$ cat query.pdb   # PDB, C-alpha atoms, pLDDT in the B column
ATOM      1  CA  GLY Z   1     -46.728  29.585 -55.582  1.00 50.00           C
ATOM      2  CA  GLY Z   2     -47.101  29.774 -51.880  1.00 57.00           C
ATOM      3  CA  PHE Z   3     -48.466  27.462 -49.246  1.00 61.00           C
ATOM      4  CA  ASP Z   4     -50.791  27.309 -46.247  1.00 65.00           C
ATOM      5  CA  TYR Z   5     -50.073  25.173 -43.213  1.00 60.00           C
ATOM      6  CA  LEU Z   6     -52.716  23.846 -40.837  1.00 66.00           C
ATOM      7  CA  LYS Z   7     -51.420  22.662 -37.483  1.00 69.00           C
ATOM      8  CA  ASP Z   8     -54.482  20.744 -36.266  1.00 75.00           C
ATOM      9  CA  PRO Z   9     -55.100  18.482 -38.063  1.00 79.00           C
ATOM     10  CA  PRO Z  10     -51.693  18.787 -39.737  1.00 83.00           C
ATOM     11  CA  ALA Z  11     -51.834  19.514 -43.468  1.00 84.00           C
ATOM     12  CA  VAL Z  12     -50.076  21.716 -45.986  1.00 83.00           C
ATOM     13  CA  THR Z  13     -51.576  23.104 -49.192  1.00 83.00           C
ATOM     14  CA  PHE Z  14     -49.331  24.175 -52.074  1.00 80.00           C
ATOM     15  CA  ARG Z  15     -50.435  26.379 -54.948  1.00 77.00           C
ATOM     16  CA  ILE Z  16     -48.258  25.546 -57.915  1.00 76.00           C
ATOM     17  CA  HIS Z  17     -48.773  25.416 -61.701  1.00 71.00           C
ATOM     18  CA  GLY Z  18     -52.443  26.282 -61.255  1.00 72.00           C
ATOM     19  CA  LYS Z  19     -53.065  23.339 -58.944  1.00 81.00           C
ATOM     20  CA  LEU Z  20     -53.916  23.071 -55.273  1.00 84.00           C
ATOM     21  CA  ILE Z  21     -52.040  20.171 -53.698  1.00 88.00           C
ATOM     22  CA  THR Z  22     -52.938  19.315 -50.099  1.00 89.00           C
ATOM     23  CA  VAL Z  23     -50.824  16.847 -48.156  1.00 89.00           C
ATOM     24  CA  HIS Z  24     -52.540  15.265 -45.151  1.00 89.00           C
ATOM     25  CA  PRO Z  25     -50.969  12.649 -42.847  1.00 89.00           C
ATOM     26  CA  ASP Z  26     -52.804   9.822 -44.633  1.00 90.00           C
ATOM     27  CA  LYS Z  27     -53.689  11.172 -48.092  1.00 91.00           C
ATOM     28  CA  ILE Z  28     -52.851  13.679 -50.818  1.00 91.00           C
ATOM     29  CA  ALA Z  29     -55.484  15.731 -52.642  1.00 91.00           C
ATOM     30  CA  ILE Z  30     -54.886  17.485 -55.992  1.00 90.00           C
ATOM     31  CA  ASN Z  31     -57.500  19.595 -57.759  1.00 87.00           C
ATOM     32  CA  ALA Z  32     -58.386  19.782 -61.450  1.00 83.00           C
ATOM     33  CA  LEU Z  33     -56.286  16.942 -62.808  1.00 88.00           C
ATOM     34  CA  LYS Z  34     -56.437  16.312 -66.553  1.00 88.00           C
ATOM     35  CA  ASP Z  35     -55.674  12.626 -66.343  1.00 92.00           C
ATOM     36  CA  GLU Z  36     -53.834   9.894 -64.468  1.00 92.00           C
ATOM     37  CA  ALA Z  37     -50.531  10.765 -66.174  1.00 93.00           C
ATOM     38  CA  GLU Z  38     -50.695  14.294 -64.782  1.00 90.00           C
ATOM     39  CA  ALA Z  39     -51.433  12.894 -61.314  1.00 89.00           C
ATOM     40  CA  ASP Z  40     -48.409  10.591 -61.569  1.00 92.00           C
ATOM     41  CA  LYS Z  41     -46.162  13.473 -62.662  1.00 91.00           C
ATOM     42  CA  ILE Z  42     -47.270  15.657 -59.744  1.00 89.00           C
ATOM     43  CA  LEU Z  43     -46.916  12.798 -57.256  1.00 90.00           C
ATOM     44  CA  GLU Z  44     -43.378  12.062 -58.496  1.00 92.00           C
ATOM     45  CA  TRP Z  45     -42.471  15.740 -58.063  1.00 90.00           C
ATOM     46  CA  LEU Z  46     -44.007  15.759 -54.579  1.00 90.00           C
ATOM     47  CA  LYS Z  47     -42.160  12.557 -53.653  1.00 92.00           C
ATOM     48  CA  ARG Z  48     -38.836  14.144 -54.696  1.00 93.00           C
ATOM     49  CA  GLU Z  49     -39.603  17.281 -52.667  1.00 89.00           C
ATOM     50  CA  ILE Z  50     -40.558  15.273 -49.572  1.00 89.00           C
ATOM     51  CA  ASN Z  51     -37.479  13.046 -49.845  1.00 95.00           C
ATOM     52  CA  GLU Z  52     -35.221  16.085 -50.276  1.00 94.00           C
ATOM     53  CA  ALA Z  53     -36.777  17.753 -47.224  1.00 91.00           C
ATOM     54  CA  TRP Z  54     -36.296  14.538 -45.234  1.00 93.00           C
ATOM     55  CA  GLU Z  55     -32.621  14.366 -46.232  1.00 96.00           C
ATOM     56  CA  LYS Z  56     -32.139  17.990 -45.125  1.00 94.00           C
ATOM     57  CA  ARG Z  57     -34.265  17.707 -41.968  1.00 92.00           C
ATOM     58  CA  ASP Z  58     -31.327  18.450 -39.656  1.00 94.00           C
ATOM     59  CA  ARG Z  59     -30.770  21.795 -41.414  1.00 94.00           C
ATOM     60  CA  ILE Z  60     -34.418  22.833 -41.756  1.00 89.00           C
ATOM     61  CA  THR Z  61     -36.200  24.990 -39.213  1.00 87.00           C
ATOM     62  CA  PRO Z  62     -39.934  24.277 -39.393  1.00 79.00           C
ATOM     63  CA  SER Z  63     -42.218  27.186 -40.194  1.00 74.00           C
ATOM     64  CA  TYR Z  64     -45.893  27.093 -39.341  1.00 73.00           C
ATOM     65  CA  VAL Z  65     -46.652  30.347 -41.133  1.00 71.00           C
ATOM     66  CA  GLY Z  66     -47.900  30.343 -44.708  1.00 66.00           C
ATOM     67  CA  ALA Z  67     -45.793  31.949 -47.393  1.00 67.00           C
ATOM     68  CA  PRO Z  68     -46.924  35.299 -48.764  1.00 74.00           C
ATOM     69  CA  LYS Z  69     -49.326  35.023 -51.675  1.00 78.00           C
ATOM     70  CA  GLN Z  70     -49.313  36.820 -54.989  1.00 85.00           C
ATOM     71  CA  LYS Z  71     -51.870  39.583 -55.211  1.00 91.00           C
ATOM     72  CA  VAL Z  72     -53.915  39.774 -58.409  1.00 94.00           C
ATOM     73  CA  LEU Z  73     -53.965  43.585 -58.211  1.00 96.00           C
ATOM     74  CA  GLU Z  74     -50.152  43.757 -57.918  1.00 95.00           C
ATOM     75  CA  ILE Z  75     -49.821  41.493 -60.949  1.00 96.00           C
ATOM     76  CA  LEU Z  76     -52.393  43.545 -62.870  1.00 96.00           C
ATOM     77  CA  LYS Z  77     -50.429  46.747 -62.139  1.00 96.00           C
ATOM     78  CA  ARG Z  78     -47.507  45.247 -64.060  1.00 97.00           C
ATOM     79  CA  LEU Z  79     -49.590  44.191 -67.095  1.00 97.00           C
ATOM     80  CA  PRO Z  80     -50.353  46.406 -70.115  1.00 95.00           C
ATOM     81  CA  LYS Z  81     -54.101  46.489 -69.235  1.00 95.00           C
ATOM     82  CA  THR Z  82     -55.075  46.491 -72.916  1.00 96.00           C
ATOM     83  CA  ASN Z  83     -57.395  43.460 -72.709  1.00 97.00           C
ATOM     84  CA  CYS Z  84     -55.954  42.460 -76.096  1.00 97.00           C
ATOM     85  CA  ARG Z  85     -56.801  38.742 -75.596  1.00 97.00           C
ATOM     86  CA  GLU Z  86     -53.481  37.668 -77.156  1.00 96.00           C
ATOM     87  CA  CYS Z  87     -52.883  35.509 -74.063  1.00 95.00           C
ATOM     88  CA  GLY Z  88     -56.128  33.625 -74.684  1.00 96.00           C
ATOM     89  CA  PHE Z  89     -58.073  35.264 -71.843  1.00 97.00           C
ATOM     90  CA  PRO Z  90     -60.793  37.910 -72.198  1.00 97.00           C
ATOM     91  CA  THR Z  91     -59.152  40.490 -69.898  1.00 97.00           C
ATOM     92  CA  CYS Z  92     -55.853  41.312 -68.249  1.00 97.00           C
ATOM     93  CA  THR Z  93     -57.582  40.787 -64.886  1.00 97.00           C
ATOM     94  CA  VAL Z  94     -58.403  37.172 -65.750  1.00 96.00           C
ATOM     95  CA  PHE Z  95     -54.826  36.672 -66.948  1.00 96.00           C
ATOM     96  CA  ALA Z  96     -53.526  38.207 -63.681  1.00 95.00           C
ATOM     97  CA  ALA Z  97     -55.662  35.743 -61.694  1.00 92.00           C
ATOM     98  CA  LYS Z  98     -54.170  32.852 -63.693  1.00 90.00           C
ATOM     99  CA  VAL Z  99     -50.658  34.160 -62.987  1.00 90.00           C
ATOM    100  CA  ALA Z 100     -51.490  34.381 -59.257  1.00 87.00           C
ATOM    101  CA  GLU Z 101     -52.668  30.751 -59.335  1.00 81.00           C
ATOM    102  CA  GLY Z 102     -49.419  29.695 -60.985  1.00 80.00           C
ATOM    103  CA  ALA Z 103     -51.197  28.508 -64.142  1.00 83.00           C
ATOM    104  CA  LYS Z 104     -49.605  31.227 -66.318  1.00 90.00           C
ATOM    105  CA  GLY Z 105     -46.449  33.308 -66.176  1.00 90.00           C
ATOM    106  CA  PRO Z 106     -45.074  36.599 -67.508  1.00 94.00           C
ATOM    107  CA  GLU Z 107     -43.905  34.831 -70.667  1.00 94.00           C
ATOM    108  CA  ASP Z 108     -47.557  34.076 -71.517  1.00 96.00           C
ATOM    109  CA  CYS Z 109     -48.426  37.760 -72.098  1.00 97.00           C
ATOM    110  CA  PRO Z 110     -47.324  38.637 -75.659  1.00 96.00           C
ATOM    111  CA  ALA Z 111     -48.126  42.332 -75.094  1.00 95.00           C
ATOM    112  CA  LEU Z 112     -45.578  42.754 -72.264  1.00 95.00           C
ATOM    113  CA  ASP Z 113     -42.480  44.695 -73.268  1.00 95.00           C
ATOM    114  CA  ALA Z 114     -39.083  43.711 -71.837  1.00 95.00           C
ATOM    115  CA  GLU Z 115     -39.193  46.260 -69.008  1.00 95.00           C
ATOM    116  CA  ALA Z 116     -42.700  45.280 -67.881  1.00 95.00           C
ATOM    117  CA  ARG Z 117     -41.831  41.573 -68.172  1.00 95.00           C
ATOM    118  CA  ALA Z 118     -38.784  42.109 -65.937  1.00 95.00           C
ATOM    119  CA  ALA Z 119     -40.935  43.991 -63.404  1.00 94.00           C
ATOM    120  CA  LEU Z 120     -43.529  41.204 -63.320  1.00 95.00           C
ATOM    121  CA  GLU Z 121     -40.851  38.498 -63.118  1.00 93.00           C
ATOM    122  CA  GLY Z 122     -39.221  40.401 -60.254  1.00 92.00           C
ATOM    123  CA  TYR Z 123     -42.508  40.575 -58.364  1.00 93.00           C
ATOM    124  CA  MET Z 124     -43.304  36.903 -59.007  1.00 89.00           C
ATOM    125  CA  SER Z 125     -39.808  35.676 -58.071  1.00 87.00           C
ATOM    126  CA  GLN Z 126     -40.499  36.219 -54.378  1.00 84.00           C
ATOM    127  CA  PHE Z 127     -43.276  33.608 -54.502  1.00 74.00           C
ATOM    128  CA  LYS Z 128     -41.634  30.846 -56.551  1.00 61.00           C
ATOM    129  CA  LEU Z 129     -41.514  27.283 -55.332  1.00 51.00           C
ATOM    130  CA  HIS Z 130     -38.706  25.321 -56.917  1.00 44.00           C
ATOM    131  CA  THR Z 131     -39.998  22.610 -59.220  1.00 40.00           C
TER     132      THR Z 131
END
$ encode --input "query.pdb" --output "structure tokens"
Amino acid sequence: GGFDYLKDPPAVTFRIHGKLITVHPDKIAINALKDEAEADKILEWLKREINEAWEKRDRITPSYVGAPKQKVLEILKRLPKTNCRECGFPTCTVFAAKVAEGAKGPEDCPALDAEARAALEGYMSQFKLHT
């Protein structure tokens, strides 16, 4: 989740689902694509978001300040810190980094109890982009 905006030259970079998506005036860049189908899916999502923003342009106040970003340490504080590897990663720190990137979520940590999951979801909810 989150975004960075550059005023000159104008561009915006989104961090969503573990991808960096940068929209420039004349091109769009997306990192680490699996295949053309994934690129098409992301571009369709982006097209919907842009069209929705255009339709609501009279009610939108532009912001040139990037959204707050998830902090790996804050995510790690809410994890069990057992390094159990049940999530598929070698440590809870690596898992926390993946959560911060948007590639993983609280539901991907089998060792989280309901209370800890709610705490992590609460922290992450302030950074969510609607997809």
$ atom_distance --input "query.pdb" --atom1 "CA of Ile28 (chain Z)" --atom2 "CA of Tyr64 (chain Z)"
19.0 Å
$ resolve_selection --input "query.pdb" --expression "the PyMOL selection byres ((chain Z and resi 99) around 10)" --output "number ranges by chain"
Z: 1, 17-18, 70-72, 75-76, 93-98, 100-106, 108, 124
$ closest_residue --input "query.pdb" --among "Z:Ser63, Z:Ile50, Z:Glu115, Z:Lys56" --to "Pro80 (chain Z)" --atoms "only C-alpha atoms"
Z:Glu115
$ atom_distance --input "query.pdb" --atom1 "CA of Lys19 (chain Z)" --atom2 "CA of Asp58 (chain Z)"
29.5 Å
$ atom_distance --input "query.pdb" --atom1 "CA of Ala119 (chain Z)" --atom2 "CA of Val65 (chain Z)"
26.7 Å
$ closest_residue --input "query.pdb" --among "Z:Ile16, Z:Cys87, Z:Leu79, Z:Cys92" --to "Leu120 (chain Z)" --atoms "all atoms listed in the file"
Z:Leu79
$ residues_around --input "query.pdb" --residues "Lys47 (chain Z)" --least-positions-apart "5" --cutoff "12 Å" --atoms "only C-alpha atoms" --output "NGL selection string"
:Z and (23 or 28 or 40-42 or 52-54 or 131)
$ axis_aligned_box --input "query.pdb" --around "region 84-103 of chain Z" --padding-each-side "8 Å" --output "JSON"
{"center_x": -55.1, "center_y": 35.5, "center_z": -68.2, "size_x": 27.4, "size_y": 30.0, "size_z": 33.9}
